[in-house]
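A.B. asks: Starting off with a structure, shown below.
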Amino acid sequence: PNGGSPIPITPTFNTSTSNSAEYYVQQVVNGCPSPRVKVVFTAAPKPAAPKVTTPIFYCENAAALPLTAIGQNMRWYYDATGGYPSTIPPIPATGVHGTEDFYVSQEIDGCEGPRSQIDVVTLFKPNGVIVPGRTEICQGDTVHFNYFGSADSAAGFEWGIPTNGGTTVLSNIGETPIVIRFDSAGKQNIDLTVSNKGCKSDVFYQPIQVNPTPQAIISAKEDMCIGRTELISLEYFTPTIDTFHWDFDGGYTTHFPTY
C-alpha cells in the first residue's frame with residue numbers, strides 16, 4: 001500500500017492452482033500520483049463433478065420424477081459439452097423406450113466444474129395376448145396356453161392359475177407355453193403377466209369353459225342265464241346327455257330305444 005517500486009508491466013495472475021494475491025494500482029497525471037487502490041485476485045478451486053445416480057430405469061409411459069444430483073448451484077444440460085444450462089432439473093420423457101442422456105455440473109464461487117452424465121433408460125412394457133389351444137373343453141382335458149406379444153426370450157412369465165383345486169399344471173409355470181389339466185367343471189380363468197427386466201405388462205386374461213363329464217348309472221342283473229333276454233336300462237343319467245354309446249360286450253339286443 002505504501003513504498004516499494006512500481007511494476008513495469010501489468011501483472012499476470014496464475015490460475016493453475018487455487019490461490020489469491022493482492023496488488024495496488026495508482027495513476028500519475030501531470031507528474032502527480034493518485035492514491036493507491038487495492039486489487040485482489042482470487043483463483044477459487046474448480047468444483048468437482050456432482051454426485052449422481054446412473055442409470056435410472058423407468059417403464060414405458062410411467063410417470064417420471066425430476067432428475068437429482070448432489071452438489072451446489074446445479075447447471076443442467078442435454079449435451080456433454082457446450083449448450084445452454086438450465087437451473088431447473090429436467091423430467092425424462094418415458095413415452096418411447098430407449099436411453100436418454102442428461103448432464104449436470106455445479107457452480108461454486110462463480111466457477112463451474114465438469115459435468116456428470118445421467119443415463120435414463122426407458123424399458124418397453126410388453127404387450128400381448130394369451131392364445132389357448134381351445135376355449136371350451138371337457139372335464140379332465142389338458143390345454144396348452146401360449147403367449148403372443150412383444151416380449152423377447154429373456155422375459156419372465158407369471159401365470160395365474162385358479163386356486164379352487166380344479167387345475168393341475170403339467171409344465172413349468174414360469175415358461176410359455178404352459179400345459180394345464182382342468183379337473184373341475186365350470187368357467188375357469190387364466191391370467192398372465194409378462195415382465196421385461198422388472199417392467200411388467202398389463203394383466204392378460206383368458207376364460208376357459210370346462211364342461212362336466214356326463215354321469216350315468218346302469219340298472220341290470222348281475223347274473224344272467226345264457227340265451228335269456230333281460231332288461232338293461234339307465235337308472236340315472238346327466239340330463240344334458242345327447243348321445244349314448246352302448247357296448248354289450250358280445251351280447252345281442254332285441255330292441256332298444258334311441259335318444
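Simple scheme: letters A, B, ... for chains in C-alpha cells order, numbers from 1 for residues in each chain, numbers from 1 for ligands in the order shown.
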Produce a table with one row for each residue of region 178-245 of chain A that has an atom at most 10 Å from any atom of region 128-146 of chain A, each row naming the nearest atom pair and its distance in Å at one decimal; use only C-alpha atoms; arrange rows by chain and rising residue number; format as CSV.

C.D. replies:
```
residue,atom,partner,partner_atom,distance
A:Ile178,CA,A:Phe145,CA,5.3
A:Val179,CA,A:His144,CA,4.6
A:Ile180,CA,A:Thr142,CA,5.4
A:Arg181,CA,A:Thr142,CA,4.1
A:Phe182,CA,A:Gly140,CA,5.2
A:Asp183,CA,A:Gly140,CA,4.7
A:Ser184,CA,A:Gln139,CA,6.1
A:Ala185,CA,A:Gln139,CA,5.7
A:Gly186,CA,A:Gln139,CA,8.8
A:Lys187,CA,A:Glu136,CA,9.3
A:Gln188,CA,A:Thr135,CA,10.0
A:Ile190,CA,A:Ile130,CA,8.7
A:Asp191,CA,A:Ile130,CA,8.0
A:Leu192,CA,A:Ile130,CA,7.5
A:Thr193,CA,A:Gly128,CA,9.7
A:Val194,CA,A:Gly128,CA,8.7
A:Ser201,CA,A:Gly128,CA,8.5
A:Asp202,CA,A:Gly128,CA,9.0
A:Val203,CA,A:Val129,CA,9.3
A:Phe204,CA,A:Val129,CA,6.1
A:Tyr205,CA,A:Ile130,CA,7.1
A:Gln206,CA,A:Ile130,CA,6.4
A:Pro207,CA,A:Thr135,CA,7.1
A:Ile208,CA,A:Thr135,CA,4.9
A:Gln209,CA,A:Glu136,CA,4.7
A:Val210,CA,A:Ile137,CA,5.1
A:Asn211,CA,A:Cys138,CA,4.7
A:Pro212,CA,A:Gln139,CA,5.2
A:Thr213,CA,A:Gln139,CA,5.6
A:Pro214,CA,A:Gln139,CA,9.3
```

A.B. asks: Just list as a PyMOL selection string whatever in region 59-147 of chain A DSSP marks as strand (DSSP E or B).

C.D. replies: chain A and resi 59+70+74-77+86+98-108+111-112+116-123+128-132+136-138+142-147

A.B. asks: Which residues of region 155-206 of chain A come within 10 Å of region 108-124 of chain A, and for each one, what is the closest pair of atoms and their distance in Å to one decimal, counting only C-alpha atoms, sorted by chain and residue number, as CSV?

C.D. replies:
```
residue,atom,partner,partner_atom,distance
A:Ser195,CA,A:Phe124,CA,9.9
A:Asn196,CA,A:Phe124,CA,7.3
A:Lys197,CA,A:Leu123,CA,7.8
A:Gly198,CA,A:Leu123,CA,8.9
A:Cys199,CA,A:Leu123,CA,6.7
A:Lys200,CA,A:Phe124,CA,9.1
A:Ser201,CA,A:Phe124,CA,9.1
```

A.B. asks: What does the distance between CA of Pro239 (chain A) and CA of Met224 (chain A) come to in Å, to one decimal place?

C.D. replies: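 Rounded to one decimal, the two atoms are 29.4 Å apart.
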
A.B. asks: Considering only C-alpha atoms, return as number ranges by chain whatever protein or nucleic-acid residues lie within 8 Å of Asn73 (chain A), sequence-local ones (same chain, fewer than 4 positions apart) excluded.

C.D. replies: A: 87, 106-108

A.B. asks: List as a list in words the protein and nucleic acid residues near region 75-80 of chain A, meaning an atom at most 6 Å away when only C-alpha atoms are counted, but skip any in the same chain fewer than 2 places from it.

C.D. replies: Pro85, Ser86, Thr87, Phe102, Tyr103, Val104, Ser105 and Gln106 of chain A

A.B. asks: Okay, now the selection with C-alpha atoms, as a compact mmCIF listing (two decimals), in the first residue's frame?

C.D. replies:
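And here's selection_17.txt as it stands now:
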```txt
# COMPACT_ATOMS: atom_id res chain seq x y z
CA PRO A 85 -27.58 -24.55 -18.93
CA SER A 86 -30.84 -24.67 -17.01
CA THR A 87 -31.26 -24.42 -13.26
CA PHE A 102 -28.52 -35.82 -19.33
CA TYR A 103 -25.59 -33.82 -17.93
CA VAL A 104 -25.21 -31.75 -14.78
CA SER A 105 -22.47 -29.58 -13.27
CA GLN A 106 -22.21 -27.47 -10.13
```

A.B. asks: So, with only C-alpha atoms as the atoms that count, which of A:Pro89, A:Ala155, A:Glu230, A:Val29 lies closest to Thr68 (chain A)?

C.D. replies: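 Of A:Pro89, A:Ala155, A:Glu230, A:Val29, the one nearest Thr68 (chain A) is A:Pro89, counting only C-alpha atoms.
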
A.B. asks: Do a neighbour search on Glu175 (chain A) at 9 Å with only C-alpha atoms, toss out local chain neighbours closer than 2 positions, and write the hits as a PDB file with N, CA and C atoms, in the first residue's frame.

C.D. replies:
```pdb
ATOM      1  N   GLY A 156     -39.906 -62.694 -18.333  1.00  0.00           N
ATOM      2  CA  GLY A 156     -40.425 -63.571 -17.285  1.00  0.00           C
ATOM      3  C   GLY A 156     -41.934 -63.688 -17.401  1.00  0.00           C
ATOM      4  N   PHE A 157     -42.451 -64.865 -17.117  1.00  0.00           N
ATOM      5  CA  PHE A 157     -43.879 -65.122 -17.266  1.00  0.00           C
ATOM      6  C   PHE A 157     -44.468 -65.523 -15.920  1.00  0.00           C
ATOM      7  N   GLU A 158     -45.506 -64.803 -15.506  1.00  0.00           N
ATOM      8  CA  GLU A 158     -46.195 -65.092 -14.252  1.00  0.00           C
ATOM      9  C   GLU A 158     -47.633 -65.495 -14.586  1.00  0.00           C
ATOM     10  N   TRP A 159     -47.865 -66.803 -14.575  1.00  0.00           N
ATOM     11  CA  TRP A 159     -49.196 -67.315 -14.880  1.00  0.00           C
ATOM     12  C   TRP A 159     -50.048 -67.346 -13.625  1.00  0.00           C
ATOM     13  N   SER A 171     -46.591 -78.346 -16.677  1.00  0.00           N
ATOM     14  CA  SER A 171     -45.318 -77.831 -17.179  1.00  0.00           C
ATOM     15  C   SER A 171     -44.830 -76.737 -16.246  1.00  0.00           C
ATOM     16  N   ASN A 172     -43.664 -76.183 -16.547  1.00  0.00           N
ATOM     17  CA  ASN A 172     -43.080 -75.140 -15.709  1.00  0.00           C
ATOM     18  C   ASN A 172     -43.947 -73.896 -15.770  1.00  0.00           C
ATOM     19  N   ILE A 173     -44.396 -73.419 -14.611  1.00  0.00           N
ATOM     20  CA  ILE A 173     -45.321 -72.292 -14.573  1.00  0.00           C
ATOM     21  C   ILE A 173     -44.645 -70.981 -14.954  1.00  0.00           C
ATOM     22  N   PRO A 177     -44.967 -72.240 -23.817  1.00  0.00           N
ATOM     23  CA  PRO A 177     -46.350 -72.429 -23.380  1.00  0.00           C
ATOM     24  C   PRO A 177     -46.445 -73.162 -22.039  1.00  0.00           C
ATOM     25  N   ILE A 178     -47.634 -73.099 -21.453  1.00  0.00           N
ATOM     26  CA  ILE A 178     -47.912 -73.809 -20.213  1.00  0.00           C
ATOM     27  C   ILE A 178     -49.037 -74.805 -20.489  1.00  0.00           C
TER      28      ILE A 178
END
```

A.B. asks: Near Pro11 (chain A), counting only C-alpha atoms, which residues have an atom at most 12 Å away, once you skip same-chain residues fewer than 2 positions from it, shown as a list in words?

C.D. replies: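 Result of the neighbour search: Pro6, Ile7, Pro8, Ile9, Phe13, Asn14, Ala21, Glu22, Tyr23, Tyr24, Val25, Val39, Val40 and Phe41 of chain A.
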
A.B. asks: Quick one: pull the distance between CA of Thr17 (chain A) and CA of Thr53 (chain A), Å, one decimal.

C.D. replies: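 Straight-line distance from CA of Thr17 (chain A) to CA of Thr53 (chain A) works out to 29.7 Å.
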
A.B. asks: Given only C-alpha atoms as the basis, pick out the residue of A:Ser18, A:Thr243, A:Thr99, A:Asn189 nearest to Cys59 (chain A).

C.D. replies: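 Closest residue, counting only C-alpha atoms: A:Thr99.
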
A.B. asks: Identify which of the residues A:Ala93, A:Ala49, A:Ala43, A:Ile218 lies closest to Pro66 (chain A), counting only C-alpha atoms when measuring atom-to-atom distances.

C.D. replies: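 Of A:Ala93, A:Ala49, A:Ala43, A:Ile218, the one nearest Pro66 (chain A) is A:Ala93, counting only C-alpha atoms.
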
A.B. asks: Hey, can you check how far CA of Phe237 (chain A) sits from CA of Asn164 (chain A)?

C.D. replies: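 Here the two named atoms are 26.2 Å from each other.
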
A.B. asks: Which residue out of A:Ile232, A:Gln72, A:Ala216, A:Pro90 has the minimum interatomic distance to Phe244 (chain A) when only C-alpha atoms are used?

C.D. replies: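 Looking only at the distances to Phe244 (chain A), the closest residue turns out to be A:Ala216.
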